[in-house]
Structures are given as structure tokens and as C-alpha cells.
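Before any comments, here is the structure.
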Amino acid sequence: MAKASKYTSRTPDENGVIHWSEEENKIWSELVARQLKCIAGKACNEYMEGLEKINLPHDRIPQLSELNEVLLATTGWQVAPVPALIDFDEFFRLLANKQFPVATFIRSREEFDYLQEPDIFHEIFGHCAMLTNPDFAEFTHKYGQLGYAAEKKDRVYLARMYWFTVEFGLMKTDEGLRIYGGGILSSPGETQYVYSDKPEINPMNVLDVLRTPYRIDIMQPLYYTINSIHDLFDISQLDIMALVAQAKELGLHDPKFPPKEKLAS
């Protein structure tokens with residue numbers, strides 16, 4: 001089951017409108033302004049084109065209906081309001097139905113720089129632009145279908161594939177390294193960090209990805225690169241569950257990070 005969140009998602013009114021406070025809109029505005037500067041020359045072209053299509057307001061949090069209009073017209077996707085945290089079952093069910101879950105709360109000013117759980121800024125700024133791209137959208141849809149049908153023990157392997165693509169994916173282009181993963185695109189720290197000499201950056205190999213452990217609360221020690229966004233479509237056409245079975249047989253790679261410290265009871 002999903003862990004508890006200290007945030008409470010806003011419920012849309014009978015017209016589907018969420019009434020955000022002035023302070024919440026201000027936080028959105030500041031986050032967008034800061035992150036647009038951070039990703040300049042670093043985000044992939046597909047993301048920047050998608051950003052133009054969804055035409056995000058800079059002065060207020062967009063209503064989900066505004067995004068749905070564009071997503072439906074481009075790739076047939078929608079965004080769906082969800083509580084702050086949802087379980088795997090609901091997550092996969094939504095993706096399998098071309099609905100991208102968006103937690104309808106925004107971080108507090110105290111957690112302006114870093115938030116462990118995904119808020120509306122992360123979900124919309126990080127992911128929605130990429131969902132206008134047919135290859136990315138098809139990969140995410142197929143991933144949802146596979147995950148919804150998968151057994152619990154297999155979903156852990158699939159989660160790694162999502163982590164190293166949709167959340168923390170990088171692309172090698174003629175212009176150099178570019179970002180398409182929403183976890184990086186919505187984080188100022190991680191946006192800078194991927195261009196430092198600290199992380200290891202390897203070409204995408206699906207079997208390796210399925211065997212790579214990760215932690216959500218640190219900068220990633222390892223990233224995987226695709227060569228074009230169409231690679232994601234190609235991956236979506238593979239027999240991914242056969243690769244999951246192979247990964248289970250081979251076992252996990254050694255983690256490239258220290259174990260999480262246990263809190264004293």
C-alpha cells in the first residue's frame with residue numbers, strides 16, 4: 001500500500017476546477033521560473049516542443065482540463081487527479097488507460113528545493129510535455145498495461161525501467177547529452193548534477209536496467225542513455241516480461257550507493 005503523505009491533495013469542484021491559493025500559485029510561478037533557467041540547453045528538443053504545445057501558465061497552477069485538451073489532441077492521453085500517494089495497482093491502472101496520475105497538491109515553501117514525493121509541479125512540469133510525444137506516450141502506455149497485468153514480484157523490476165527512463169532518462173544527441181526524464185527536469189540540483197563528472201552514464205540496456213537497484217532519496221549514481229526518443233517506442237515493442245524473467249534469474253547488480261541508514265527505534 002502507499003505510504004502516508006503529510007500533504008493533502010485538493011479536490012476539484014463540480015466543474016473540475018481546483019481553487020488554488022495565492023501562495024500556492026506564487027510557489028508554482030517561482031518554481032517554473034527557476035527551472036526554465038536550469039533546463040535551458042539541457043532538456044531534449046522533444047521536451048521543449050512539448051512545453052510549447054502545453055503552453056504552461058507561468059503565473060498560476062494550470063487547471064487539469066487545460067492540459068487534457070492538448071494531450072487528448074496530440075497523443076490521446078489525459079491527466080487524472082489523485083491523492084498525494086497512490087498504490088502500484090492504481091498507478092498501473094491509470095497508465096494502462098492513458099491517464100497520467102497528478103497529485104493535486106504543491107510543495108510547501110519549506111520544501112521548495114526538494115520534495116521526496118511527486119507534487120503537481122513535478123508531475124506537470126516534469127512529465128506532461130513529454131506526453132505530447134507519440135513515442136514517449138506509447139512507451140508509457142505499454143508500461144502501464146504490462147504493470148497492471150504483472151504480479152507483485154515482477155512490478156519491482158518494471159519500476160526500475162520506469163525509474164531509469166520516464167523519471168531519470170537521458171538522451172545522447174548530436175548537440176550532446178540531453179534530459180527527457182521528469183525527475184531530472186523538475187529538479188534544479190539533479191539538472192546540474194547530471195552534467196558533472198560524478199555520475200556514471202551508460203548506454204541503455206533493458207536487461208541491465210531491470211537489474212539496477214536505485215534509491216529515491218539521493219542523487220542518482222548511475223543513468224542510462226537512449227540515442228533518440230524513438231528508442232522508447234522500440235523498447236515498448238520488446239517482450240519485456242521475458243526480460244524480467246531473465247533479470248530475476250540473473251539477480252540484481254551490486255548497488256552503487258550505500259545502504260539507507262536505519263533509524264534507531
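In the C-alpha cells, chains take the letters A, B, ... in the order shown, each chain's residues start at 1, and ligands count up from 1 in the order shown.
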- Shell around range 213-215 of chain A at 9 Å using only C-alpha atoms, local window under 4 positions removed, as a PyMOL selection string: chain A and resi 160+163+209+219-222+252-257+259-260
Put those residues in a file: N, CA, C and O atoms, as a CSV table (one decimal), in the first residue's frame.
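Wrote out.csv, looks like this:
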```csv
chain,number,residue,atom,x,y,z
A,160,ARG,N,11.9,-0.3,-12.0
A,160,ARG,CA,13.3,0.1,-12.3
A,160,ARG,C,13.4,0.7,-13.7
A,160,ARG,O,14.1,1.6,-14.0
A,163,TRP,N,11.9,4.1,-13.7
A,163,TRP,CA,12.8,5.0,-13.0
A,163,TRP,C,13.9,5.5,-13.9
A,163,TRP,O,14.2,6.7,-13.9
A,209,VAL,N,19.1,-2.5,-17.0
A,209,VAL,CA,18.2,-1.5,-16.2
A,209,VAL,C,17.3,-2.3,-15.2
A,209,VAL,O,17.1,-1.9,-14.1
A,219,MET,N,21.0,11.7,-5.0
A,219,MET,CA,21.3,12.0,-6.4
A,219,MET,C,21.7,10.6,-7.1
A,219,MET,O,22.4,9.8,-6.4
A,220,GLN,N,21.2,10.4,-8.3
A,220,GLN,CA,21.5,9.1,-8.9
A,220,GLN,C,23.0,8.9,-9.2
A,220,GLN,O,23.6,9.7,-9.9
A,221,PRO,N,23.5,7.8,-8.8
A,221,PRO,CA,24.9,7.5,-9.1
A,221,PRO,C,25.1,7.0,-10.6
A,221,PRO,O,26.2,7.0,-11.1
A,222,LEU,N,24.0,6.6,-11.2
A,222,LEU,CA,24.0,6.0,-12.5
A,222,LEU,C,22.8,6.4,-13.3
A,222,LEU,O,21.7,6.4,-12.8
A,252,LEU,N,20.2,-9.1,-9.1
A,252,LEU,CA,20.5,-7.7,-9.2
A,252,LEU,C,22.0,-7.4,-9.3
A,252,LEU,O,22.8,-8.1,-8.7
A,253,HIS,N,22.3,-6.3,-9.9
A,253,HIS,CA,23.7,-5.8,-9.9
A,253,HIS,C,23.9,-5.2,-8.5
A,253,HIS,O,23.0,-4.9,-7.8
A,254,ASP,N,25.2,-5.1,-8.1
A,254,ASP,CA,25.5,-4.5,-6.8
A,254,ASP,C,25.1,-3.0,-6.9
A,254,ASP,O,25.4,-2.4,-7.9
A,255,PRO,N,24.5,-2.5,-5.8
A,255,PRO,CA,24.1,-1.1,-5.8
A,255,PRO,C,25.4,-0.2,-5.8
A,255,PRO,O,26.4,-0.6,-5.3
A,256,LYS,N,25.2,0.9,-6.4
A,256,LYS,CA,26.3,1.9,-6.5
A,256,LYS,C,26.2,3.0,-5.4
A,256,LYS,O,26.6,4.1,-5.6
A,257,PHE,N,25.5,2.7,-4.4
A,257,PHE,CA,25.2,3.6,-3.3
A,257,PHE,C,25.2,2.9,-2.0
A,257,PHE,O,25.0,1.7,-1.9
A,259,PRO,N,23.9,1.6,1.7
A,259,PRO,CA,22.5,1.3,2.2
A,259,PRO,C,22.0,2.4,3.0
A,259,PRO,O,22.7,3.2,3.6
A,260,LYS,N,20.7,2.5,3.0
A,260,LYS,CA,20.0,3.6,3.7
A,260,LYS,C,20.2,3.3,5.2
A,260,LYS,O,20.0,2.2,5.7
```
- Can you list, as a PyMOL selection string, every protein, DNA or RNA residue that comes within 7 Å of Gly126 in chain A when you count only C-alpha atoms, leaving out same-chain residues fewer than 2 positions away? chain A and resi 122-124+128+182-183+185-186
For the residues in the current selection, export N, CA and C atoms as an mmCIF file, in the first residue's frame.
```cif
data_model
loop_
_atom_site.group_PDB
_atom_site.id
_atom_site.type_symbol
_atom_site.label_atom_id
_atom_site.label_comp_id
_atom_site.auth_asym_id
_atom_site.auth_seq_id
_atom_site.Cartn_x
_atom_site.Cartn_y
_atom_site.Cartn_z
ATOM 1 N N HIS A 122 6.124 18.701 -10.094
ATOM 2 C CA HIS A 122 6.909 17.604 -10.667
ATOM 3 C C HIS A 122 6.126 16.904 -11.784
ATOM 4 N N GLU A 123 4.875 16.588 -11.522
ATOM 5 C CA GLU A 123 4.088 15.809 -12.488
ATOM 6 C C GLU A 123 3.822 16.588 -13.774
ATOM 7 N N ILE A 124 3.479 17.870 -13.620
ATOM 8 C CA ILE A 124 3.135 18.652 -14.814
ATOM 9 C C ILE A 124 4.374 19.191 -15.519
ATOM 10 N N CYS A 128 4.432 16.226 -18.314
ATOM 11 C CA CYS A 128 3.345 16.449 -19.290
ATOM 12 C C CYS A 128 3.834 16.848 -20.679
ATOM 13 N N GLY A 182 11.505 13.183 -16.241
ATOM 14 C CA GLY A 182 10.841 14.227 -15.452
ATOM 15 C C GLY A 182 11.421 14.442 -14.069
ATOM 16 N N GLY A 183 12.032 13.392 -13.490
ATOM 17 C CA GLY A 183 12.657 13.546 -12.179
ATOM 18 C C GLY A 183 13.851 14.482 -12.220
ATOM 19 N N LEU A 185 14.229 16.830 -14.933
ATOM 20 C CA LEU A 185 13.737 18.094 -15.486
ATOM 21 C C LEU A 185 13.056 18.987 -14.457
ATOM 22 N N SER A 186 12.528 18.384 -13.379
ATOM 23 C CA SER A 186 11.842 19.189 -12.363
ATOM 24 C C SER A 186 12.723 19.466 -11.145
#
```
Which residues, written as a PDB file with N, CA and C atoms, in the first residue's frame, have at least one atom at most 12 Å from range 83-93 of chain A, with only C-alpha atoms counted and residues fewer than 2 positions away on the same chain left out?
```pdb
ATOM      1  N   MET A   1       0.839  -1.210   0.000  1.00  0.00           N
ATOM      2  CA  MET A   1       0.000   0.000   0.000  1.00  0.00           C
ATOM      3  C   MET A   1       0.874   1.260   0.000  1.00  0.00           C
ATOM      4  N   ALA A   2       0.323   2.344  -0.413  1.00  0.00           N
ATOM      5  CA  ALA A   2       1.066   3.606  -0.441  1.00  0.00           C
ATOM      6  C   ALA A   2       1.319   4.096   0.979  1.00  0.00           C
ATOM      7  N   LYS A   3       2.467   4.709   1.167  1.00  0.00           N
ATOM      8  CA  LYS A   3       2.790   5.299   2.477  1.00  0.00           C
ATOM      9  C   LYS A   3       1.898   6.518   2.695  1.00  0.00           C
ATOM     10  N   ALA A   4       1.890   6.962   3.930  1.00  0.00           N
ATOM     11  CA  ALA A   4       1.104   8.163   4.236  1.00  0.00           C
ATOM     12  C   ALA A   4       1.869   9.394   3.762  1.00  0.00           C
ATOM     13  N   SER A   5       1.133  10.421   3.383  1.00  0.00           N
ATOM     14  CA  SER A   5       1.744  11.679   2.972  1.00  0.00           C
ATOM     15  C   SER A   5       1.336  12.763   3.957  1.00  0.00           C
ATOM     16  N   LYS A   6       2.224  13.728   4.130  1.00  0.00           N
ATOM     17  CA  LYS A   6       1.822  14.842   5.006  1.00  0.00           C
ATOM     18  C   LYS A   6       1.041  15.898   4.214  1.00  0.00           C
ATOM     19  N   TYR A   7       0.969  15.702   2.888  1.00  0.00           N
ATOM     20  CA  TYR A   7       0.212  16.626   2.041  1.00  0.00           C
ATOM     21  C   TYR A   7      -1.184  16.068   1.759  1.00  0.00           C
ATOM     22  N   THR A   8      -2.117  16.960   1.535  1.00  0.00           N
ATOM     23  CA  THR A   8      -3.467  16.555   1.146  1.00  0.00           C
ATOM     24  C   THR A   8      -3.765  17.145  -0.227  1.00  0.00           C
ATOM     25  N   SER A   9      -4.154  16.283  -1.145  1.00  0.00           N
ATOM     26  CA  SER A   9      -4.476  16.769  -2.494  1.00  0.00           C
ATOM     27  C   SER A   9      -5.762  17.586  -2.478  1.00  0.00           C
ATOM     28  N   ARG A  10      -5.809  18.585  -3.360  1.00  0.00           N
ATOM     29  CA  ARG A  10      -7.006  19.417  -3.496  1.00  0.00           C
ATOM     30  C   ARG A  10      -8.043  18.665  -4.323  1.00  0.00           C
ATOM     31  N   THR A  11      -9.294  18.760  -3.927  1.00  0.00           N
ATOM     32  CA  THR A  11     -10.373  18.120  -4.681  1.00  0.00           C
ATOM     33  C   THR A  11     -10.960  19.131  -5.663  1.00  0.00           C
ATOM     34  N   PRO A  12     -11.054  18.743  -6.947  1.00  0.00           N
ATOM     35  CA  PRO A  12     -11.683  19.655  -7.913  1.00  0.00           C
ATOM     36  C   PRO A  12     -13.161  19.880  -7.571  1.00  0.00           C
ATOM     37  N   ALA A  80      -5.001  12.756 -14.645  1.00  0.00           N
ATOM     38  CA  ALA A  80      -6.077  12.424 -13.711  1.00  0.00           C
ATOM     39  C   ALA A  80      -5.688  12.849 -12.305  1.00  0.00           C
ATOM     40  N   PRO A  81      -6.558  13.584 -11.603  1.00  0.00           N
ATOM     41  CA  PRO A  81      -6.228  13.989 -10.234  1.00  0.00           C
ATOM     42  C   PRO A  81      -6.231  12.781  -9.300  1.00  0.00           C
ATOM     43  N   LEU A  95      -2.169   4.399 -15.992  1.00  0.00           N
ATOM     44  CA  LEU A  95      -1.300   4.448 -17.178  1.00  0.00           C
ATOM     45  C   LEU A  95      -1.816   3.530 -18.279  1.00  0.00           C
ATOM     46  N   ALA A  96      -2.334   2.367 -17.890  1.00  0.00           N
ATOM     47  CA  ALA A  96      -2.871   1.420 -18.876  1.00  0.00           C
ATOM     48  C   ALA A  96      -4.058   2.027 -19.620  1.00  0.00           C
ATOM     49  N   ASN A  97      -4.718   3.001 -18.996  1.00  0.00           N
ATOM     50  CA  ASN A  97      -5.860   3.687 -19.613  1.00  0.00           C
ATOM     51  C   ASN A  97      -5.489   5.073 -20.154  1.00  0.00           C
ATOM     52  N   LYS A  98      -4.195   5.277 -20.384  1.00  0.00           N
ATOM     53  CA  LYS A  98      -3.683   6.556 -20.914  1.00  0.00           C
ATOM     54  C   LYS A  98      -4.075   7.739 -20.032  1.00  0.00           C
ATOM     55  N   GLN A  99      -4.018   7.523 -18.731  1.00  0.00           N
ATOM     56  CA  GLN A  99      -4.262   8.602 -17.780  1.00  0.00           C
ATOM     57  C   GLN A  99      -3.024   8.747 -16.899  1.00  0.00           C
ATOM     58  N   PHE A 100      -2.461   9.936 -16.896  1.00  0.00           N
ATOM     59  CA  PHE A 100      -1.253  10.153 -16.102  1.00  0.00           C
ATOM     60  C   PHE A 100      -1.656  10.724 -14.737  1.00  0.00           C
ATOM     61  N   PRO A 101      -1.296  10.026 -13.646  1.00  0.00           N
ATOM     62  CA  PRO A 101      -1.717  10.497 -12.323  1.00  0.00           C
ATOM     63  C   PRO A 101      -1.011  11.785 -11.910  1.00  0.00           C
ATOM     64  N   VAL A 102      -1.784  12.751 -11.462  1.00  0.00           N
ATOM     65  CA  VAL A 102      -1.232  14.021 -10.979  1.00  0.00           C
ATOM     66  C   VAL A 102      -1.762  14.278  -9.572  1.00  0.00           C
ATOM     67  N   ALA A 103      -0.853  14.276  -8.614  1.00  0.00           N
ATOM     68  CA  ALA A 103      -1.240  14.583  -7.227  1.00  0.00           C
ATOM     69  C   ALA A 103      -1.541  16.080  -7.149  1.00  0.00           C
ATOM     70  N   THR A 104      -2.740  16.415  -6.729  1.00  0.00           N
ATOM     71  CA  THR A 104      -3.178  17.817  -6.782  1.00  0.00           C
ATOM     72  C   THR A 104      -2.852  18.570  -5.485  1.00  0.00           C
ATOM     73  N   PHE A 105      -1.554  18.621  -5.199  1.00  0.00           N
ATOM     74  CA  PHE A 105      -1.055  19.487  -4.127  1.00  0.00           C
ATOM     75  C   PHE A 105       0.275  20.044  -4.617  1.00  0.00           C
ATOM     76  N   ILE A 106       0.693  21.159  -4.047  1.00  0.00           N
ATOM     77  CA  ILE A 106       2.015  21.704  -4.382  1.00  0.00           C
ATOM     78  C   ILE A 106       2.822  21.815  -3.105  1.00  0.00           C
ATOM     79  N   ARG A 107       4.112  21.610  -3.247  1.00  0.00           N
ATOM     80  CA  ARG A 107       5.016  21.610  -2.084  1.00  0.00           C
ATOM     81  C   ARG A 107       4.924  22.900  -1.278  1.00  0.00           C
ATOM     82  N   GLN A 116      10.453  14.653  -1.613  1.00  0.00           N
ATOM     83  CA  GLN A 116      10.631  13.244  -1.981  1.00  0.00           C
ATOM     84  C   GLN A 116       9.441  12.691  -2.758  1.00  0.00           C
ATOM     85  N   GLU A 117       8.240  13.164  -2.459  1.00  0.00           N
ATOM     86  CA  GLU A 117       7.067  12.629  -3.160  1.00  0.00           C
ATOM     87  C   GLU A 117       6.675  13.578  -4.302  1.00  0.00           C
ATOM     88  N   PRO A 118       6.079  13.035  -5.362  1.00  0.00           N
ATOM     89  CA  PRO A 118       5.767  13.885  -6.517  1.00  0.00           C
ATOM     90  C   PRO A 118       4.576  14.818  -6.276  1.00  0.00           C
ATOM     91  N   ASP A 119       4.795  16.116  -6.467  1.00  0.00           N
ATOM     92  CA  ASP A 119       3.699  17.087  -6.359  1.00  0.00           C
ATOM     93  C   ASP A 119       3.264  17.517  -7.762  1.00  0.00           C
ATOM     94  N   ILE A 120       2.332  18.446  -7.835  1.00  0.00           N
ATOM     95  CA  ILE A 120       1.792  18.856  -9.128  1.00  0.00           C
ATOM     96  C   ILE A 120       2.851  19.533 -10.009  1.00  0.00           C
ATOM     97  N   GLU A 123       4.875  16.588 -11.522  1.00  0.00           N
ATOM     98  CA  GLU A 123       4.088  15.809 -12.488  1.00  0.00           C
ATOM     99  C   GLU A 123       3.822  16.588 -13.774  1.00  0.00           C
ATOM    100  N   THR A 140       4.932   4.736 -22.350  1.00  0.00           N
ATOM    101  CA  THR A 140       4.302   4.872 -21.038  1.00  0.00           C
ATOM    102  C   THR A 140       3.004   4.069 -20.973  1.00  0.00           C
ATOM    103  N   HIS A 141       2.254   4.065 -22.062  1.00  0.00           N
ATOM    104  CA  HIS A 141       1.011   3.293 -22.136  1.00  0.00           C
ATOM    105  C   HIS A 141       1.290   1.794 -22.025  1.00  0.00           C
ATOM    106  N   LYS A 142       2.255   1.317 -22.814  1.00  0.00           N
ATOM    107  CA  LYS A 142       2.609  -0.110 -22.799  1.00  0.00           C
ATOM    108  C   LYS A 142       3.116  -0.504 -21.412  1.00  0.00           C
ATOM    109  N   TYR A 143       3.896   0.366 -20.811  1.00  0.00           N
ATOM    110  CA  TYR A 143       4.423   0.115 -19.466  1.00  0.00           C
ATOM    111  C   TYR A 143       3.260  -0.067 -18.477  1.00  0.00           C
ATOM    112  N   GLY A 144       2.259   0.792 -18.562  1.00  0.00           N
ATOM    113  CA  GLY A 144       1.090   0.688 -17.690  1.00  0.00           C
ATOM    114  C   GLY A 144       0.344  -0.621 -17.891  1.00  0.00           C
ATOM    115  N   GLN A 145       0.180  -1.018 -19.147  1.00  0.00           N
ATOM    116  CA  GLN A 145      -0.519  -2.274 -19.444  1.00  0.00           C
ATOM    117  C   GLN A 145       0.237  -3.472 -18.869  1.00  0.00           C
ATOM    118  N   LEU A 146       1.553  -3.482 -19.060  1.00  0.00           N
ATOM    119  CA  LEU A 146       2.376  -4.579 -18.534  1.00  0.00           C
ATOM    120  C   LEU A 146       2.316  -4.626 -17.011  1.00  0.00           C
ATOM    121  N   GLY A 147       2.459  -3.450 -16.401  1.00  0.00           N
ATOM    122  CA  GLY A 147       2.474  -3.375 -14.939  1.00  0.00           C
ATOM    123  C   GLY A 147       1.152  -3.779 -14.329  1.00  0.00           C
ATOM    124  N   TYR A 148       0.058  -3.411 -14.984  1.00  0.00           N
ATOM    125  CA  TYR A 148      -1.276  -3.723 -14.448  1.00  0.00           C
ATOM    126  C   TYR A 148      -1.521  -5.238 -14.454  1.00  0.00           C
ATOM    127  N   ALA A 149      -0.979  -5.900 -15.482  1.00  0.00           N
ATOM    128  CA  ALA A 149      -1.168  -7.354 -15.604  1.00  0.00           C
ATOM    129  C   ALA A 149      -0.134  -8.151 -14.806  1.00  0.00           C
ATOM    130  N   ALA A 150       0.945  -7.496 -14.394  1.00  0.00           N
ATOM    131  CA  ALA A 150       2.070  -8.209 -13.763  1.00  0.00           C
ATOM    132  C   ALA A 150       1.793  -8.591 -12.309  1.00  0.00           C
ATOM    133  N   GLU A 151       2.512  -9.621 -11.861  1.00  0.00           N
ATOM    134  CA  GLU A 151       2.453  -9.997 -10.452  1.00  0.00           C
ATOM    135  C   GLU A 151       3.287  -9.015  -9.643  1.00  0.00           C
ATOM    136  N   LYS A 152       2.986  -8.977  -8.352  1.00  0.00           N
ATOM    137  CA  LYS A 152       3.638  -8.006  -7.467  1.00  0.00           C
ATOM    138  C   LYS A 152       5.166  -8.099  -7.526  1.00  0.00           C
ATOM    139  N   LYS A 153       5.681  -9.330  -7.524  1.00  0.00           N
ATOM    140  CA  LYS A 153       7.151  -9.502  -7.503  1.00  0.00           C
ATOM    141  C   LYS A 153       7.809  -9.030  -8.807  1.00  0.00           C
ATOM    142  N   ASP A 154       7.028  -9.020  -9.898  1.00  0.00           N
ATOM    143  CA  ASP A 154       7.565  -8.547 -11.180  1.00  0.00           C
ATOM    144  C   ASP A 154       7.479  -7.028 -11.311  1.00  0.00           C
ATOM    145  N   ARG A 155       6.525  -6.442 -10.608  1.00  0.00           N
ATOM    146  CA  ARG A 155       6.358  -4.986 -10.692  1.00  0.00           C
ATOM    147  C   ARG A 155       7.589  -4.238 -10.171  1.00  0.00           C
ATOM    148  N   VAL A 156       8.300  -4.832  -9.251  1.00  0.00           N
ATOM    149  CA  VAL A 156       9.510  -4.203  -8.708  1.00  0.00           C
ATOM    150  C   VAL A 156      10.556  -4.038  -9.813  1.00  0.00           C
ATOM    151  N   LEU A 158       9.805  -3.886 -13.093  1.00  0.00           N
ATOM    152  CA  LEU A 158       9.267  -2.883 -14.016  1.00  0.00           C
ATOM    153  C   LEU A 158       9.473  -1.468 -13.482  1.00  0.00           C
ATOM    154  N   ALA A 159       9.374  -1.315 -12.172  1.00  0.00           N
ATOM    155  CA  ALA A 159       9.578   0.010 -11.564  1.00  0.00           C
ATOM    156  C   ALA A 159      10.960   0.552 -11.884  1.00  0.00           C
ATOM    157  N   TYR A 162      10.938   2.125 -15.365  1.00  0.00           N
ATOM    158  CA  TYR A 162      10.293   3.444 -15.333  1.00  0.00           C
ATOM    159  C   TYR A 162      11.248   4.478 -14.744  1.00  0.00           C
TER     160      TYR A 162
END
```
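Residues lying within 12 Å of Leu250 in chain A, counting only C-alpha atoms and ignoring same-chain neighbours fewer than 3 positions away, are Leu207, Asp208, Leu210, Arg211, Thr212, Leu243, Val244, Ala245, Gln246, Ala247, His253 and Asp254 of chain A.
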Could you dump the residues just selected with N, CA and C atoms as a tab-separated table (two decimals), in the first residue's frame?
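selection.tsv written:
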```tsv
chain	number	residue	atom	x	y	z
A	207	LEU	N	17.92	-5.12	-20.08
A	207	LEU	CA	18.19	-6.16	-19.08
A	207	LEU	C	18.99	-5.59	-17.90
A	208	ASP	N	19.99	-4.77	-18.22
A	208	ASP	CA	20.78	-4.12	-17.15
A	208	ASP	C	19.90	-3.22	-16.29
A	210	LEU	N	16.71	-3.39	-15.69
A	210	LEU	CA	15.83	-4.19	-14.83
A	210	LEU	C	16.56	-4.76	-13.61
A	211	ARG	N	17.90	-4.83	-13.71
A	211	ARG	CA	18.71	-5.41	-12.63
A	211	ARG	C	19.42	-4.35	-11.78
A	212	THR	N	19.15	-3.07	-12.07
A	212	THR	CA	19.88	-1.99	-11.38
A	212	THR	C	19.10	-1.44	-10.20
A	243	LEU	N	12.21	-10.46	-20.48
A	243	LEU	CA	13.43	-9.86	-19.94
A	243	LEU	C	13.38	-9.77	-18.41
A	244	VAL	N	12.19	-9.51	-17.87
A	244	VAL	CA	12.02	-9.51	-16.41
A	244	VAL	C	12.36	-10.89	-15.85
A	245	ALA	N	11.86	-11.95	-16.51
A	245	ALA	CA	12.15	-13.33	-16.06
A	245	ALA	C	13.65	-13.59	-16.09
A	246	GLN	N	14.31	-13.09	-17.12
A	246	GLN	CA	15.76	-13.25	-17.25
A	246	GLN	C	16.49	-12.48	-16.14
A	247	ALA	N	16.04	-11.27	-15.87
A	247	ALA	CA	16.64	-10.44	-14.82
A	247	ALA	C	16.51	-11.11	-13.46
A	253	HIS	N	22.29	-6.28	-9.95
A	253	HIS	CA	23.65	-5.76	-9.91
A	253	HIS	C	23.91	-5.21	-8.50
A	254	ASP	N	25.18	-5.12	-8.14
A	254	ASP	CA	25.52	-4.51	-6.85
A	254	ASP	C	25.12	-3.05	-6.88
```
- Item | Filtered DSSP result for range 105-246 of chain A, state strand (DSSP E), as a PyMOL selection string | chain A and resi 170-173+176-179+200-203+222-226
- Item | Of the listed residues A:Tyr224, A:Lys248, A:Thr132, A:Glu66, that which approaches Glu200 in chain A most closely, counting only C-alpha atoms | A:Tyr224
- DSSP says helix (DSSP H, G or I) for which residues of range 137-260 of chain A? Put them as number ranges by chain? A: 137-149, 152-167, 182-185, 188-193, 206-210, 230-236, 240-250
What does the file look like for those residues with C-alpha atoms, as a JSON list (two decimals), in the first residue's frame?
```json
[["chain", "number", "residue", "atom", "x", "y", "z"],
["A", 137, "ALA", "CA", 3.35, 8.26, -24.85],
["A", 138, "GLU", "CA", 3.27, 4.76, -26.39],
["A", 139, "PHE", "CA", 6.11, 3.56, -24.13],
["A", 140, "THR", "CA", 4.30, 4.87, -21.04],
["A", 141, "HIS", "CA", 1.01, 3.29, -22.14],
["A", 142, "LYS", "CA", 2.61, -0.11, -22.80],
["A", 143, "TYR", "CA", 4.42, 0.12, -19.47],
["A", 144, "GLY", "CA", 1.09, 0.69, -17.69],
["A", 145, "GLN", "CA", -0.52, -2.27, -19.44],
["A", 146, "LEU", "CA", 2.38, -4.58, -18.53],
["A", 147, "GLY", "CA", 2.47, -3.38, -14.94],
["A", 148, "TYR", "CA", -1.28, -3.72, -14.45],
["A", 149, "ALA", "CA", -1.17, -7.35, -15.60],
["A", 152, "LYS", "CA", 3.64, -8.01, -7.47],
["A", 153, "LYS", "CA", 7.15, -9.50, -7.50],
["A", 154, "ASP", "CA", 7.56, -8.55, -11.18],
["A", 155, "ARG", "CA", 6.36, -4.99, -10.69],
["A", 156, "VAL", "CA", 9.51, -4.20, -8.71],
["A", 157, "TYR", "CA", 11.57, -4.95, -11.82],
["A", 158, "LEU", "CA", 9.27, -2.88, -14.02],
["A", 159, "ALA", "CA", 9.58, 0.01, -11.56],
["A", 160, "ARG", "CA", 13.31, 0.11, -12.30],
["A", 161, "MET", "CA", 12.62, 0.50, -16.01],
["A", 162, "TYR", "CA", 10.29, 3.44, -15.33],
["A", 163, "TRP", "CA", 12.83, 4.99, -12.96],
["A", 164, "PHE", "CA", 15.68, 4.97, -15.47],
["A", 165, "THR", "CA", 13.55, 6.21, -18.40],
["A", 166, "VAL", "CA", 10.44, 8.26, -17.58],
["A", 167, "GLU", "CA", 11.92, 9.64, -14.34],
["A", 182, "GLY", "CA", 10.84, 14.23, -15.45],
["A", 183, "GLY", "CA", 12.66, 13.55, -12.18],
["A", 184, "ILE", "CA", 15.66, 15.45, -13.53],
["A", 185, "LEU", "CA", 13.74, 18.09, -15.49],
["A", 188, "PRO", "CA", 17.44, 22.08, -10.15],
["A", 189, "GLY", "CA", 20.03, 20.04, -8.26],
["A", 190, "GLU", "CA", 19.77, 16.95, -10.44],
["A", 191, "THR", "CA", 19.73, 19.04, -13.65],
["A", 192, "GLN", "CA", 23.17, 20.39, -12.75],
["A", 193, "TYR", "CA", 24.43, 17.11, -11.30],
["A", 206, "VAL", "CA", 16.96, -3.02, -20.85],
["A", 207, "LEU", "CA", 18.19, -6.16, -19.08],
["A", 208, "ASP", "CA", 20.78, -4.12, -17.15],
["A", 209, "VAL", "CA", 18.17, -1.52, -16.23],
["A", 210, "LEU", "CA", 15.83, -4.19, -14.83],
["A", 230, "HIS", "CA", 12.14, 6.53, -30.85],
["A", 231, "ASP", "CA", 14.27, 4.06, -28.85],
["A", 232, "LEU", "CA", 11.50, 4.14, -26.22],
["A", 233, "PHE", "CA", 8.97, 3.02, -28.82],
["A", 234, "ASP", "CA", 11.33, 0.20, -29.83],
["A", 235, "ILE", "CA", 11.65, -0.87, -26.18],
["A", 236, "SER", "CA", 7.85, -0.88, -25.84],
["A", 240, "ILE", "CA", 9.66, -7.02, -21.62],
["A", 241, "MET", "CA", 8.21, -9.68, -19.31],
["A", 242, "ALA", "CA", 10.61, -12.27, -20.80],
["A", 243, "LEU", "CA", 13.43, -9.86, -19.94],
["A", 244, "VAL", "CA", 12.02, -9.51, -16.41],
["A", 245, "ALA", "CA", 12.15, -13.33, -16.06],
["A", 246, "GLN", "CA", 15.76, -13.25, -17.25],
["A", 247, "ALA", "CA", 16.64, -10.44, -14.82],
["A", 248, "LYS", "CA", 15.15, -12.44, -11.94],
["A", 249, "GLU", "CA", 17.31, -15.43, -12.87],
["A", 250, "LEU", "CA", 20.49, -13.37, -13.15]]
```
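You will find CA of Ile226 in chain A at 17.0 Å from CA of Leu131 in chain A.
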Can you write out as JSON lines which residues of range 177-256 of chain A fall within 6 Å of range 29-51 of chain A, alongside each residue's closest atom pair and its distance in Å to one decimal, counting only C-alpha atoms and ordering rows by chain and ascending residue number?
```
{"residue": "A:Arg178", "atom": "CA", "partner": "A:Cys44", "partner_atom": "CA", "distance": 4.9}
{"residue": "A:Ile179", "atom": "CA", "partner": "A:Ala43", "partner_atom": "CA", "distance": 4.6}
{"residue": "A:Tyr180", "atom": "CA", "partner": "A:Cys44", "partner_atom": "CA", "distance": 5.8}
```
- Query: Between A:Phe136, A:Leu115, A:Trp77, A:Met130, which has the minimum distance to Ile218 in chain A (counting only C-alpha atoms)?
  - Reply: A:Leu115
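Considering only C-alpha atoms, the residue among A:Leu67, A:Leu94, A:Ile61, A:Leu56 positioned nearest to Glu23 in chain A is A:Ile61.
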- Pick out the residues sitting within 8 Å of Val17 in chain A, and hand them over as a ChimeraX atom specification; count only C-alpha atoms, and ignore anything fewer than 4 positions along from it in its own chain. /A:12-13,63-64
For those residues, write C-alpha atoms to a file as a PDB file, in the first residue's frame.
```
ATOM      1  CA  PRO A  12     -11.683  19.655  -7.913  1.00  0.00           C
ATOM      2  CA  ASP A  13     -15.129  21.320  -7.668  1.00  0.00           C
ATOM      3  CA  GLN A  63      -6.166  23.512 -14.425  1.00  0.00           C
ATOM      4  CA  LEU A  64      -6.036  19.850 -15.471  1.00  0.00           C
TER       5      LEU A  64
END
```
